[in-house]
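Enquirer: Attaching a single structure in structure tokens format; questions to follow.
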Amino acid sequence: MEDVHLALVEDEPDVASFIRQGLEEEGYRVTWARNGRRGLEYVQQGDIDLVLLDVRLPDIDGLEVCERLRLHRPDLPVMTALDAVEDRVAGLRSGADDYLPKPFAFDELLARIEALLRRVDRAPRDRSLEHGPIQLDAAARTCRVDGDEVDLTPTEFDLLAFLMGRSGEALSREAIHREVWGHDFDRGTNLIDVYVNYVRRKLEEAGCPSPIETVRGVGYRFDPESLPDATATPEETEESS
Ligand code: CA
């Protein structure tokens, strides 16, 4: 395998050592950070490709670590390891790309890491996509609304690209899960809904009414007809004296 460098942020030495050893046997390079502060330092200094992040950490809470990571490296894949259901939802809100409920089997961790790396790495399947004011550049993995860049995490980008690439179609939750997350270890969560809400909110904040509609009992659909025209009207402030 190509040289892939993982940062493992985990305060429990036994757990860290078990995971690290297993990953190194699979050919990954692993840097262990025993707390959140070190994890952030490693990511800022180095050539980290993916972060495995424990949530219960002694110094900076893992979810806050995730948010701070996003400020520096919005494109960096982050997977959180979580204990409780509430933590999972919080983990997703903080912008992680995937989560793994503890306790987990090593094989599952490995499969998820591979899936996450694959989808960040994979060659763009589509040319750039454009509907109304939204433009996705599949090669650069950027999203623009009326020309202004919208920061999307890898998962948010993939989700929007999948829905947009098949605009008008009602896509099932299973299909979205398989395509975007690359695995079907869905343990009965609202993973997709949380991410759809993220994307909707970011588009709305960028001034675009969300074209992602809920299809009851099925999943979601990107409705291109709901979008305004792409013509960006620069705001002209008229002097009213
Ligand atoms: Ca911990």
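Please note that chains go A, B, ... in the order of the structure tokens, that every chain numbers its residues from 1, and that ligands are numbered from 1 in the order shown.
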Can you tell me which residues surround A:Ser226 at a distance of at most 12 Å, considering only C-alpha atoms, apart from same-chain residues fewer than 5 positions away, and format the answer as a list in words?

Expert: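 Close residues of A:Ser226: His131, Gly132, Pro133, Ile134, Ser167, Gly168, Cys208, Pro209, Ser210, Pro211, Ile212, Glu213 and Arg221 of chain A.
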
Enquirer: What do you get as a PyMOL selection string if you pick all residues at most 8 Å from ligand 1, counting only C-alpha atoms and all ligand atoms?

Expert: chain A and resi 10-12+54-58

Enquirer: Could you give me, as a PyMOL selection string, the residues within 12 Å of A:Pro13, counting only C-alpha atoms and dropping anything in the same chain fewer than 6 positions from it?

Expert: chain A and resi 19-21+32-35

Enquirer: Quick one: residues within 8 Å of A:Ala206, only C-alpha atoms counted, chain neighbours fewer than 3 positions away excluded, as a list of chain:residue names?

Expert: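 After dropping sequence-adjacent residues, the list is A:Val145, A:Asp148, A:Val150, A:Lys202, A:Leu203.
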
Enquirer: Leaving out stretch 25-31 of chain A and any residue of its chain fewer than 5 positions from it, which residues lie within 9 Å of it when counting only C-alpha atoms, given as a PyMOL selection string?

Expert: chain A and resi 1-9+20+39+42+48+110

Enquirer: Write out as a compact mmCIF listing (two decimals) with N, CA and C atoms, in the first residue's frame each polymer residue whose atoms come within 10 Å of A:Ala175, counting only C-alpha atoms; drop sequence neighbours fewer than 4 positions from it.

Expert:
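Okay, around.txt is ready:
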# COMPACT_ATOMS: atom_id res chain seq x y z
N PHE A 162 -23.11 13.11 -4.81
CA PHE A 162 -23.92 11.95 -5.18
C PHE A 162 -25.36 12.36 -5.50
N LEU A 171 -33.28 8.89 -4.05
CA LEU A 171 -32.24 7.92 -3.73
C LEU A 171 -32.49 7.33 -2.35
N GLU A 179 -22.89 4.46 -1.11
CA GLU A 179 -22.11 5.29 -2.01
C GLU A 179 -21.23 6.29 -1.25
N VAL A 180 -21.82 6.93 -0.27
CA VAL A 180 -21.09 8.02 0.38
C VAL A 180 -20.14 7.50 1.46
N TRP A 181 -20.63 6.56 2.26
CA TRP A 181 -19.78 6.08 3.35
C TRP A 181 -18.94 4.87 2.93
N GLY A 182 -19.31 4.25 1.85
CA GLY A 182 -18.49 3.17 1.31
C GLY A 182 -18.57 1.88 2.10
N ASP A 184 -21.53 -0.59 4.71
CA ASP A 184 -22.90 -0.60 5.20
C ASP A 184 -22.98 -1.03 6.66
N GLY A 219 -35.79 8.21 1.01
CA GLY A 219 -34.50 8.83 1.32
C GLY A 219 -34.53 10.29 0.93

Enquirer: Where does DSSP see strand (DSSP E or B) in stretch 30-182 of chain A, if you list the residues as a ChimeraX atom specification?

Expert: /A:30-33,50-54,78-82,98-101,129-131,134-137,142-145,148-150,170-172

Enquirer: Would you save the residues of that selection, restricted to N, CA and C atoms, as a CSV table (one decimal), in the first residue's frame?

Expert:
chain,number,residue,atom,x,y,z
A,30,VAL,N,1.7,4.9,11.9
A,30,VAL,CA,0.8,5.4,12.9
A,30,VAL,C,1.5,6.3,13.9
A,31,THR,N,1.0,7.5,14.1
A,31,THR,CA,1.6,8.4,15.1
A,31,THR,C,0.5,8.5,16.3
A,32,TRP,N,1.0,8.1,17.5
A,32,TRP,CA,0.1,8.1,18.6
A,32,TRP,C,0.1,9.4,19.4
A,33,ALA,N,-1.0,10.0,19.6
A,33,ALA,CA,-1.1,11.2,20.4
A,33,ALA,C,-1.9,10.8,21.6
A,50,LEU,N,-5.2,10.8,7.8
A,50,LEU,CA,-6.5,10.5,8.4
A,50,LEU,C,-6.3,10.5,9.9
A,51,VAL,N,-7.3,10.9,10.6
A,51,VAL,CA,-7.3,11.0,12.1
A,51,VAL,C,-8.3,10.0,12.7
A,52,LEU,N,-7.8,9.2,13.6
A,52,LEU,CA,-8.7,8.4,14.4
A,52,LEU,C,-8.7,9.1,15.8
A,53,LEU,N,-9.9,9.4,16.2
A,53,LEU,CA,-10.1,10.3,17.3
A,53,LEU,C,-11.0,9.7,18.4
A,54,ASP,N,-10.4,9.5,19.6
A,54,ASP,CA,-11.2,9.1,20.7
A,54,ASP,C,-11.9,10.4,21.2
A,78,VAL,N,-11.7,12.4,9.2
A,78,VAL,CA,-11.6,12.2,10.6
A,78,VAL,C,-12.6,11.2,11.0
A,79,MET,N,-12.2,10.2,11.8
A,79,MET,CA,-13.2,9.2,12.3
A,79,MET,C,-13.1,9.2,13.8
A,80,THR,N,-14.3,9.3,14.4
A,80,THR,CA,-14.3,9.3,15.8
A,80,THR,C,-14.7,8.0,16.4
A,81,ALA,N,-14.2,7.6,17.6
A,81,ALA,CA,-14.5,6.4,18.3
A,81,ALA,C,-15.3,6.8,19.5
A,82,LEU,N,-16.5,6.3,19.6
A,82,LEU,CA,-17.5,6.9,20.5
A,82,LEU,C,-18.1,5.8,21.4
A,98,ASP,N,-16.9,9.9,9.9
A,98,ASP,CA,-17.5,8.6,10.2
A,98,ASP,C,-17.3,8.4,11.7
A,99,TYR,N,-18.0,7.5,12.3
A,99,TYR,CA,-17.8,7.3,13.7
A,99,TYR,C,-17.8,5.8,13.9
A,100,LEU,N,-17.2,5.3,14.9
A,100,LEU,CA,-17.2,3.9,15.2
A,100,LEU,C,-17.6,3.7,16.7
A,101,PRO,N,-18.7,3.1,16.9
A,101,PRO,CA,-19.1,2.9,18.3
A,101,PRO,C,-18.2,1.9,19.0
A,129,LEU,N,-20.1,19.4,-11.7
A,129,LEU,CA,-21.6,19.4,-11.7
A,129,LEU,C,-22.0,20.9,-11.5
A,130,GLU,N,-23.1,21.2,-12.1
A,130,GLU,CA,-23.6,22.5,-11.9
A,130,GLU,C,-25.1,22.5,-12.0
A,131,HIS,N,-25.8,23.1,-11.0
A,131,HIS,CA,-27.2,23.3,-11.0
A,131,HIS,C,-27.5,24.6,-10.4
A,134,ILE,N,-25.3,26.4,-7.8
A,134,ILE,CA,-24.3,25.5,-7.1
A,134,ILE,C,-23.4,24.9,-8.2
A,135,GLN,N,-22.1,25.0,-7.9
A,135,GLN,CA,-21.1,24.4,-8.8
A,135,GLN,C,-20.2,23.5,-7.9
A,136,LEU,N,-20.1,22.2,-8.4
A,136,LEU,CA,-19.1,21.3,-7.7
A,136,LEU,C,-18.0,21.0,-8.7
A,137,ASP,N,-16.8,21.2,-8.2
A,137,ASP,CA,-15.6,20.8,-9.0
A,137,ASP,C,-15.1,19.5,-8.4
A,142,THR,N,-14.2,21.2,-4.7
A,142,THR,CA,-14.7,22.4,-4.1
A,142,THR,C,-16.2,22.6,-4.5
A,143,CYS,N,-16.8,23.4,-3.7
A,143,CYS,CA,-18.2,23.7,-3.9
A,143,CYS,C,-18.4,25.2,-3.9
A,144,ARG,N,-19.0,25.7,-4.9
A,144,ARG,CA,-19.3,27.2,-4.9
A,144,ARG,C,-20.8,27.5,-5.0
A,145,VAL,N,-21.2,28.5,-4.4
A,145,VAL,CA,-22.6,29.0,-4.6
A,145,VAL,C,-22.4,30.4,-5.1
A,148,ASP,N,-19.0,31.9,-4.7
A,148,ASP,CA,-18.3,31.9,-3.4
A,148,ASP,C,-18.1,30.5,-2.9
A,149,GLU,N,-16.9,30.2,-2.4
A,149,GLU,CA,-16.6,28.9,-2.0
A,149,GLU,C,-17.4,28.6,-0.7
A,150,VAL,N,-17.9,27.4,-0.6
A,150,VAL,CA,-18.6,26.9,0.6
A,150,VAL,C,-17.7,25.7,1.1
A,170,ALA,N,-35.1,10.0,-6.7
A,170,ALA,CA,-35.2,9.7,-5.2
A,170,ALA,C,-34.2,8.6,-4.9
A,171,LEU,N,-33.3,8.9,-4.1
A,171,LEU,CA,-32.2,7.9,-3.7
A,171,LEU,C,-32.5,7.3,-2.4
A,172,SER,N,-32.4,6.0,-2.3
A,172,SER,CA,-32.7,5.4,-1.0
A,172,SER,C,-31.6,5.6,0.0
